[in-house]
file my_file37.csv (CSV, C-alpha atoms)
chain,number,residue,atom,x,y,z
A,1,MET,CA,57.7,88.3,110.1
A,2,THR,CA,59.6,89.7,107.2
A,3,THR,CA,63.3,89.8,106.6
A,4,ARG,CA,65.4,92.9,106.6
A,5,ILE,CA,67.5,92.7,103.4
A,6,LEU,CA,70.6,94.6,102.3
A,7,ILE,CA,71.9,94.5,98.7
A,8,CYS,CA,75.5,95.7,98.4
A,9,ASP,CA,76.8,96.2,94.8
A,10,ASP,CA,78.5,99.1,93.1
A,11,SER,CA,76.4,98.5,90.0
A,12,ALA,CA,73.0,100.2,89.8
A,13,LEU,CA,71.9,97.6,87.3
A,14,ALA,CA,72.9,94.7,89.5
A,15,ARG,CA,71.1,96.2,92.5
A,16,LYS,CA,68.0,96.6,90.4
A,17,GLN,CA,68.2,93.1,89.0
A,18,MET,CA,68.8,91.6,92.5
A,19,ALA,CA,65.8,93.4,94.0
A,20,ARG,CA,63.5,92.2,91.2
A,21,THR,CA,64.3,88.5,92.0
A,22,LEU,CA,63.0,88.8,95.6
A,23,PRO,CA,59.5,87.4,96.3
A,24,THR,CA,56.6,89.6,97.3
A,25,GLY,CA,56.3,90.1,101.0
A,26,LEU,CA,59.8,88.9,101.9
A,27,ALA,CA,61.0,92.3,103.0
A,28,ASP,CA,59.2,95.4,104.2
A,29,GLN,CA,62.1,97.4,102.9
A,30,ILE,CA,65.2,96.6,100.8
A,31,LEU,CA,68.3,98.6,101.7
A,32,PHE,CA,71.0,99.3,99.2
A,33,ALA,CA,74.7,100.0,99.6
A,34,ASN,CA,77.0,101.1,96.8
A,35,ASN,CA,80.2,99.7,98.3
A,36,GLY,CA,81.5,97.8,101.3
A,37,VAL,CA,82.1,100.9,103.4
A,38,GLU,CA,78.4,101.8,103.2
A,39,ALA,CA,77.3,98.2,103.9
A,40,LEU,CA,79.4,97.9,107.0
A,41,GLU,CA,77.9,101.1,108.4
A,42,MET,CA,74.4,99.6,108.1
A,43,LEU,CA,75.5,96.2,109.5
A,44,ARG,CA,77.1,97.8,112.5
A,45,ALA,CA,73.7,99.6,113.1
A,46,GLN,CA,72.1,96.1,112.8
A,47,GLN,CA,69.8,97.3,110.0
A,48,ALA,CA,69.7,93.9,108.1
A,49,ASP,CA,69.3,90.2,108.7
A,50,LEU,CA,70.4,89.0,105.2
A,51,MET,CA,72.9,90.6,102.8
A,52,PHE,CA,73.5,89.9,99.1
A,53,LEU,CA,77.1,91.0,98.6
A,54,ASP,CA,79.1,91.7,95.4
A,55,LEU,CA,82.8,91.0,95.4
A,56,ASN,CA,84.2,93.4,92.9
A,57,MET,CA,83.7,96.9,94.3
A,58,PRO,CA,85.7,100.2,94.7
A,59,GLN,CA,86.8,101.5,98.2
A,60,MET,CA,86.2,98.1,99.9
A,61,ASP,CA,85.5,94.9,98.0
A,62,GLY,CA,83.4,91.9,99.1
A,63,TYR,CA,86.3,90.0,100.5
A,64,GLU,CA,87.2,92.9,102.8
A,65,VAL,CA,83.6,93.2,103.9
A,66,LEU,CA,83.5,89.5,104.9
A,67,GLU,CA,86.8,89.9,106.8
A,68,HIS,CA,85.3,92.8,108.8
A,69,ILE,CA,82.1,90.9,109.5
A,70,ARG,CA,84.1,88.0,110.9
A,71,ALA,CA,86.5,90.2,112.9
A,72,GLU,CA,83.7,92.3,114.4
A,73,ASP,CA,81.3,89.3,114.8
A,74,LEU,CA,78.5,91.2,113.1
A,75,PRO,CA,75.1,89.4,113.2
A,76,ILE,CA,74.4,89.0,109.4
A,77,MET,CA,73.9,86.1,107.0
A,78,THR,CA,75.7,86.8,103.7
A,79,ILE,CA,75.1,85.4,100.2
A,80,VAL,CA,77.7,86.5,97.7
A,81,VAL,CA,76.5,87.5,94.3
A,82,SER,CA,79.3,87.8,91.8
A,83,GLY,CA,80.4,87.6,88.2
A,84,ASP,CA,83.7,86.0,89.5
A,85,ILE,CA,82.9,82.3,89.1
A,86,GLN,CA,86.4,81.0,89.7
A,87,PRO,CA,86.4,77.9,92.0
A,88,GLU,CA,88.9,79.7,94.2
A,89,ALA,CA,86.7,82.7,94.6
A,90,ARG,CA,83.8,80.5,95.8
A,91,GLU,CA,86.1,78.7,98.2
A,92,ARG,CA,87.6,81.9,99.6
A,93,VAL,CA,84.2,83.5,100.4
A,94,ARG,CA,82.9,80.4,102.1
A,95,LYS,CA,86.0,80.3,104.3
A,96,LEU,CA,85.3,84.0,105.2
A,97,GLY,CA,81.8,83.1,106.4
A,98,ALA,CA,79.5,83.6,103.4
A,99,ILE,CA,76.7,81.0,103.6
A,100,ASP,CA,76.4,80.6,99.8
A,101,PHE,CA,77.3,82.0,96.4
A,102,ILE,CA,75.2,83.0,93.4
A,103,LYS,CA,76.7,83.8,90.0
A,104,LYS,CA,75.6,86.8,88.0
A,105,PRO,CA,73.4,87.5,86.2
A,106,THR,CA,71.0,86.4,89.0
A,107,ASP,CA,68.4,83.7,88.3
A,108,ILE,CA,65.1,83.9,90.1
A,109,GLY,CA,64.8,80.2,90.6
A,110,VAL,CA,68.3,80.0,92.2
A,111,VAL,CA,67.6,82.9,94.5
A,112,LEU,CA,64.3,81.5,95.7
A,113,GLY,CA,65.8,78.1,96.2
A,114,LEU,CA,68.5,79.5,98.5
A,115,LEU,CA,66.0,81.6,100.4
A,116,ALA,CA,64.0,78.5,101.0
A,117,ASP,CA,67.0,76.4,102.0
A,118,TYR,CA,68.0,78.9,104.6
A,119,GLY,CA,64.5,79.5,106.0
A,120,PHE,CA,63.9,83.0,104.7
A,121,TYR,CA,61.1,81.9,102.3
A,122,ARG,CA,58.6,79.0,102.1
A,123,PRO,CA,56.4,78.7,99.0
A,124,GLY,CA,52.8,79.4,99.9
A,125,ASP,CA,53.6,81.5,102.9
A,126,LEU,CA,54.4,84.5,100.7
A,127,GLU,CA,52.6,85.6,97.5
A,128,SER,CA,55.4,85.0,95.0
A,129,THR,CA,54.8,86.9,91.8
A,130,ALA,CA,58.5,86.7,91.2
A,131,LEU,CA,58.1,83.1,90.2
A,132,ASN,CA,55.4,83.9,87.7
A,133,ASP,CA,56.4,87.1,85.9
A,134,GLY,CA,59.3,88.7,87.8
A,135,GLU,CA,57.3,91.5,89.3
A,136,LEU,CA,57.7,92.8,92.8
A,137,ASN,CA,55.2,93.9,95.3
A,138,PRO,CA,54.3,97.7,95.0
A,139,GLY,CA,56.8,98.7,97.7
A,140,ASP,CA,59.7,96.7,96.3
A,141,GLU,CA,58.9,97.8,92.7
A,142,SER,CA,58.9,101.4,93.8
A,143,GLN,CA,62.3,101.0,95.3
A,144,ALA,CA,63.7,99.2,92.3
A,145,ARG,CA,62.4,101.9,89.9
A,146,GLU,CA,64.1,104.6,91.9
A,147,ILE,CA,67.5,103.1,90.9
A,148,SER,CA,68.7,104.9,87.8
A,149,VAL,CA,70.8,102.9,85.4
A,150,SER,CA,73.1,104.6,82.8
A,151,LEU,CA,74.5,103.1,79.6
A,152,ASN,CA,78.0,103.1,81.2
A,153,ASP,CA,76.7,101.3,84.3
A,154,TYR,CA,75.0,98.7,82.0
A,155,LEU,CA,78.1,98.1,80.0
A,156,GLN,CA,80.2,97.9,83.1
A,157,GLU,CA,78.0,95.2,84.6
A,158,ILE,CA,77.7,93.0,81.5
A,159,SER,CA,81.5,93.4,81.1
A,160,ASN,CA,81.9,92.3,84.7
A,161,VAL,CA,80.0,89.1,84.1
A,162,ALA,CA,81.8,88.5,80.8
A,163,MET,CA,85.1,89.1,82.5
A,164,GLY,CA,84.2,86.6,85.2
A,165,ARG,CA,83.8,83.9,82.5
A,166,SER,CA,87.1,84.7,80.8
A,167,SER,CA,88.9,84.8,84.1
A,168,ASP,CA,87.4,81.5,85.1
A,169,LEU,CA,88.6,79.8,81.9
A,170,LEU,CA,92.1,81.3,82.3
A,171,ALA,CA,92.2,80.2,86.0
A,172,ARG,CA,91.2,76.6,85.2
A,173,LEU,CA,93.6,76.3,82.3
A,174,LEU,CA,96.6,77.8,84.1
A,175,ARG,CA,95.7,76.8,87.6
A,176,VAL,CA,96.0,80.3,88.9
A,177,PHE,CA,93.8,82.8,90.6
A,178,VAL,CA,92.9,85.9,88.5
A,179,LYS,CA,92.3,89.1,90.4
A,180,GLN,CA,89.1,90.8,89.2
A,181,PRO,CA,89.4,94.5,88.4
A,182,ILE,CA,86.5,96.8,88.0
A,183,PRO,CA,86.0,97.3,84.2
A,184,LYS,CA,86.5,100.8,83.0
A,185,VAL,CA,83.9,102.1,80.5
A,186,ASP,CA,84.2,105.4,78.7
A,187,PHE,CA,83.3,107.3,75.5
A,188,ILE,CA,86.5,108.5,73.9
A,189,ALA,CA,87.8,109.7,70.6
A,190,ASN,CA,90.1,107.4,68.6
A,191,SER,CA,92.9,109.9,68.7
A,192,GLU,CA,92.8,110.0,72.6
A,193,LEU,CA,92.4,106.3,73.1
A,194,HIS,CA,95.9,105.7,74.5
A,195,MET,CA,95.3,108.4,77.2
A,196,ALA,CA,92.5,106.2,78.7
A,197,ILE,CA,94.5,103.1,79.0
A,198,SER,CA,96.0,102.2,82.4
A,199,ALA,CA,99.1,100.6,80.8
A,200,ALA,CA,99.8,103.7,78.7
A,201,HIS,CA,101.3,105.3,81.8
A,202,ASN,CA,103.9,102.6,82.1
A,203,SER,CA,107.2,103.0,80.2
A,204,ASP,CA,107.4,99.2,79.4
A,205,THR,CA,106.9,98.0,75.9
A,206,TYR,CA,104.0,95.9,74.8
A,207,SER,CA,102.9,93.6,72.0
A,208,ALA,CA,99.3,93.5,70.8
A,209,VAL,CA,96.8,91.3,68.9
A,210,CYS,CA,93.4,92.5,67.6
A,211,GLN,CA,90.2,90.8,66.5
A,212,GLY,CA,87.1,92.3,65.0
A,213,PHE,CA,83.6,91.2,65.8
A,214,THR,CA,80.1,92.0,64.5
A,215,GLY,CA,76.5,91.2,65.5
A,216,ALA,CA,73.0,92.4,64.8
A,217,GLY,CA,73.3,96.1,65.6
A,218,ILE,CA,76.7,96.0,67.1
A,219,ALA,CA,80.3,96.0,65.9
A,220,GLY,CA,83.8,96.6,67.2
A,221,GLU,CA,87.3,95.4,67.8
A,222,ALA,CA,89.0,93.6,70.7
A,223,LEU,CA,92.6,94.3,71.5
A,224,LEU,CA,95.0,92.5,73.8
A,225,LEU,CA,98.0,94.4,75.0
A,226,PHE,CA,100.6,92.1,76.5
A,227,ALA,CA,103.6,93.4,78.5
A,228,ASP,CA,106.8,92.1,76.9
A,229,ALA,CA,108.3,91.3,80.3
A,230,SER,CA,105.5,88.8,80.9
A,231,PHE,CA,106.1,86.5,77.9
A,232,ARG,CA,108.5,84.1,79.5
A,233,GLU,CA,106.5,83.5,82.6
A,234,MET,CA,103.3,83.0,80.5
A,235,ALA,CA,105.1,80.5,78.3
A,236,GLU,CA,106.0,78.6,81.4
A,237,LEU,CA,102.4,78.6,82.6
A,238,LEU,CA,101.2,77.4,79.2
A,239,HIS,CA,103.8,74.6,79.3
A,240,TYR,CA,105.6,75.4,76.1
A,241,ASP,CA,108.7,73.4,75.3
A,242,THR,CA,110.6,76.6,74.3
A,243,LEU,CA,110.2,79.7,76.5
A,244,GLU,CA,111.9,82.4,74.4
A,245,GLY,CA,111.9,83.8,70.9
A,246,GLU,CA,109.7,85.8,68.6
A,247,SER,CA,107.7,82.7,67.4
A,248,VAL,CA,107.0,81.9,71.1
A,249,ASN,CA,105.9,85.4,71.8
A,250,VAL,CA,103.4,85.3,68.9
A,251,GLU,CA,102.2,82.0,70.1
A,252,VAL,CA,101.6,83.4,73.6
A,253,LEU,CA,99.7,86.3,72.1
A,254,MET,CA,97.5,84.1,70.0
A,255,ASP,CA,96.8,81.6,72.8
A,256,MET,CA,96.0,84.4,75.3
A,257,SER,CA,93.7,86.2,72.8
A,258,SER,CA,91.9,83.0,72.0
A,259,ILE,CA,91.2,82.3,75.7
A,260,LEU,CA,90.2,85.9,76.7
A,261,PHE,CA,88.5,87.1,73.6
A,262,GLY,CA,86.5,84.0,73.0
A,263,ALA,CA,85.1,83.7,76.5
A,264,PHE,CA,84.6,87.5,77.0
A,265,LEU,CA,82.8,88.1,73.7
A,266,LYS,CA,80.6,85.1,74.1
A,267,GLY,CA,79.7,86.3,77.6
A,268,ILE,CA,78.8,89.7,76.1
A,269,GLY,CA,76.8,88.1,73.3
A,270,ASP,CA,74.9,85.8,75.6
A,271,GLN,CA,73.8,88.8,77.8
A,272,LEU,CA,72.8,90.8,74.7
A,273,ASP,CA,71.0,87.8,73.3
A,274,LEU,CA,72.9,87.8,70.1
A,275,GLN,CA,75.5,85.8,68.2
A,276,LEU,CA,78.7,87.6,67.6
A,277,GLY,CA,80.7,86.8,64.6
A,278,LEU,CA,84.5,86.9,65.1
A,279,GLY,CA,87.1,87.9,62.5
A,280,HIS,CA,90.6,86.4,62.3
A,281,PRO,CA,93.0,87.6,65.1
A,282,SER,CA,96.1,89.4,63.8
A,283,VAL,CA,99.2,90.7,65.5
A,284,LEU,CA,99.0,94.5,65.7
A,285,GLY,CA,102.6,95.1,66.7
A,286,GLN,CA,105.4,93.9,68.9
A,287,HIS,CA,107.7,95.5,71.4
A,288,GLN,CA,106.3,99.0,71.1
A,289,GLN,CA,104.9,101.7,73.3
A,290,ILE,CA,101.2,101.8,73.8
A,291,THR,CA,100.9,105.0,71.7
A,292,GLU,CA,102.6,103.3,68.7
A,293,LEU,CA,100.4,100.2,68.9
A,294,LEU,CA,97.3,102.3,68.8
A,295,GLU,CA,98.3,104.5,65.9
A,296,HIS,CA,96.0,102.6,63.5
A,297,GLN,CA,93.0,103.9,65.4
A,298,ASN,CA,93.9,107.6,64.9
A,299,SER,CA,92.9,107.7,61.3
A,300,ARG,CA,89.2,106.9,62.2
A,301,ASN,CA,87.3,110.0,63.2
A,302,GLU,CA,84.7,108.8,65.6
A,303,GLN,CA,83.8,108.3,69.2
A,304,LEU,CA,84.3,104.8,70.6
A,305,LEU,CA,82.8,103.1,73.6
A,306,CYS,CA,85.9,101.7,75.3
A,307,ILE,CA,85.9,98.9,77.8
A,308,GLU,CA,89.2,98.2,79.5
A,309,ILE,CA,90.0,95.2,81.7
A,310,SER,CA,93.5,94.8,83.3
A,311,TYR,CA,94.1,91.1,84.0
A,312,THR,CA,96.4,90.3,86.9
A,313,LEU,CA,97.4,86.8,87.9
A,314,GLU,CA,97.9,86.5,91.7
A,315,ASP,CA,101.6,85.9,92.7
A,316,ARG,CA,102.7,86.2,89.0
A,317,ASN,CA,104.5,89.0,87.2
A,318,ILE,CA,102.2,89.0,84.3
A,319,GLN,CA,100.4,92.0,82.9
A,320,CYS,CA,97.9,92.3,80.1
A,321,ASP,CA,95.1,94.7,79.2
A,322,MET,CA,92.1,93.9,77.1
A,323,LEU,CA,90.3,96.6,75.3
A,324,VAL,CA,86.9,96.2,73.7
A,325,LEU,CA,86.1,99.1,71.4
A,326,LEU,CA,82.5,99.5,70.2
A,327,THR,CA,81.6,101.7,67.3
A,328,GLU,CA,79.2,104.7,67.6
A,329,ASP,CA,76.7,102.8,65.5
A,330,SER,CA,76.4,100.3,68.3
A,331,VAL,CA,75.1,102.7,70.8
A,332,PRO,CA,71.4,102.7,69.7
A,333,PHE,CA,71.2,98.9,70.0
A,334,LEU,CA,72.8,99.0,73.5
A,335,GLU,CA,70.5,101.7,74.7
A,336,GLN,CA,67.5,99.7,73.4
A,337,ARG,CA,68.7,96.6,75.3
A,338,LEU,CA,69.2,98.7,78.5
A,339,GLN,CA,65.7,100.1,78.3
A,340,TYR,CA,64.3,96.6,77.9
A,341,LEU,CA,66.1,95.5,81.0
A,342,VAL,CA,65.2,98.3,83.3
A,343,ASP,CA,61.5,98.7,82.4
call {"tool": "encode", "arguments": {"input": "my_file37.csv", "output": "structure tokens"}}
result
Amino acid sequence: MTTRILICDDSALARKQMARTLPTGLADQILFANNGVEALEMLRAQQADLMFLDLNMPQMDGYEVLEHIRAEDLPIMTIVVSGDIQPEARERVRKLGAIDFIKKPTDIGVVLGLLADYGFYRPGDLESTALNDGELNPGDESQAREISVSLNDYLQEISNVAMGRSSDLLARLLRVFVKQPIPKVDFIANSELHMAISAAHNSDTYSAVCQGFTGAGIAGEALLLFADASFREMAELLHYDTLEGESVNVEVLMDMSSILFGAFLKGIGDQLDLQLGLGHPSVLGQHQQITELLEHQNSRNEQLLCIEISYTLEDRNIQCDMLVLLTEDSVPFLEQRLQYLVD
């Protein structure tokens, strides 16, 4: 008897990768949901026995799905698959009823181990080509191939995983819980960059630090935009002896950029299988509007791939946006990597 499986994730790439890890013969059909609302409709119709659930999704995130499952007593076993690897995230999903947690990107051995632990799979009972070469049976492979993955979707998913690493580091250092946003990915002209940034619509002033990076076939710049109103509270979390003053503000900027840039860019590099070289961080400006801080970009006449992540600390009045700007020349390399992953 095979298992009815539902994969719920807003990322086409993540759905495709998850489907490819499942052993041959485990499921007659794999169902897919793009968000929590779609998943709940299928669960209420009792269309699945096992669900692989992402946490970070639009409309209804994974936490809300688990809350509905518990409140409605829906008959489903749920394994969370997420880039959010904070210890608090793991604890919260278990309390909400998830039977286990898998970090992204998914590992075939880990998936098969959990399937065996919970009685869905026993080596020898099913023909497991997934162990040998990652291939699916013809039916599963057909379903996976039907999932179309765009460059934006690819960048959003690898950014999601990298964001999980940087948030985990921040959470452990500061002993806080970092809320995970959905990364925004867009092609945009330099001169219009400020229009794409969430914080640009706020009248508050910001300070910024930037750091360049390069790798084989890829180059860009990371920017951290830190709300001036957040400096004192962040200095307290970092346990500074002095909490106010320009030198303290600069120290906060440098410490935060070191934490977030380092972990995020290493996470991106690991997924792209390349070593990124980092330049020296420098303060871009202080106590200015977003448009003023980004004026240095206007002189360059090119399209950029812009990844924006807005970090929010739970129960804290701290706001910072991280932008990762990739040059036009980086696009062919990224497209090549995407093609390699989806074939």
call {"tool": "closest_residue", "arguments": {"input": "my_file37.csv", "among": "A:Val110, A:Ile5, A:Ile218, A:Ile158", "to": "Ile76 in chain A", "atoms": "all atoms listed in the file"}}
result
A:Ile5
call {"tool": "closest_residue", "arguments": {"input": "my_file37.csv", "among": "A:Gln271, A:Gln59, A:Gln303, A:Ser207", "to": "Asp321 in chain A", "atoms": "all atoms listed in the file"}}
result
A:Ser207
call {"tool": "closest_residue", "arguments": {"input": "my_file37.csv", "among": "A:Leu238, A:Ala189, A:Leu155, A:Leu225", "to": "Glu335 in chain A", "atoms": "all atoms listed in the file"}}
result
A:Leu155
call {"tool": "closest_residue", "arguments": {"input": "my_file37.csv", "among": "A:Ala216, A:Leu223, A:Leu115, A:Met42", "to": "Phe333 in chain A", "atoms": "all atoms listed in the file"}}
result
A:Ala216
call {"tool": "atom_distance", "arguments": {"input": "my_file37.csv", "atom1": "CA of Ile7 in chain A", "atom2": "CA of Val111 in chain A"}}
result
13.1 Å
call {"tool": "atom_distance", "arguments": {"input": "my_file37.csv", "atom1": "CA of Leu253 in chain A", "atom2": "CA of Leu313 in chain A"}}
result
16.0 Å
call {"tool": "atom_distance", "arguments": {"input": "my_file37.csv", "atom1": "CA of Arg44 in chain A", "atom2": "CA of Met77 in chain A"}}
result
13.3 Å
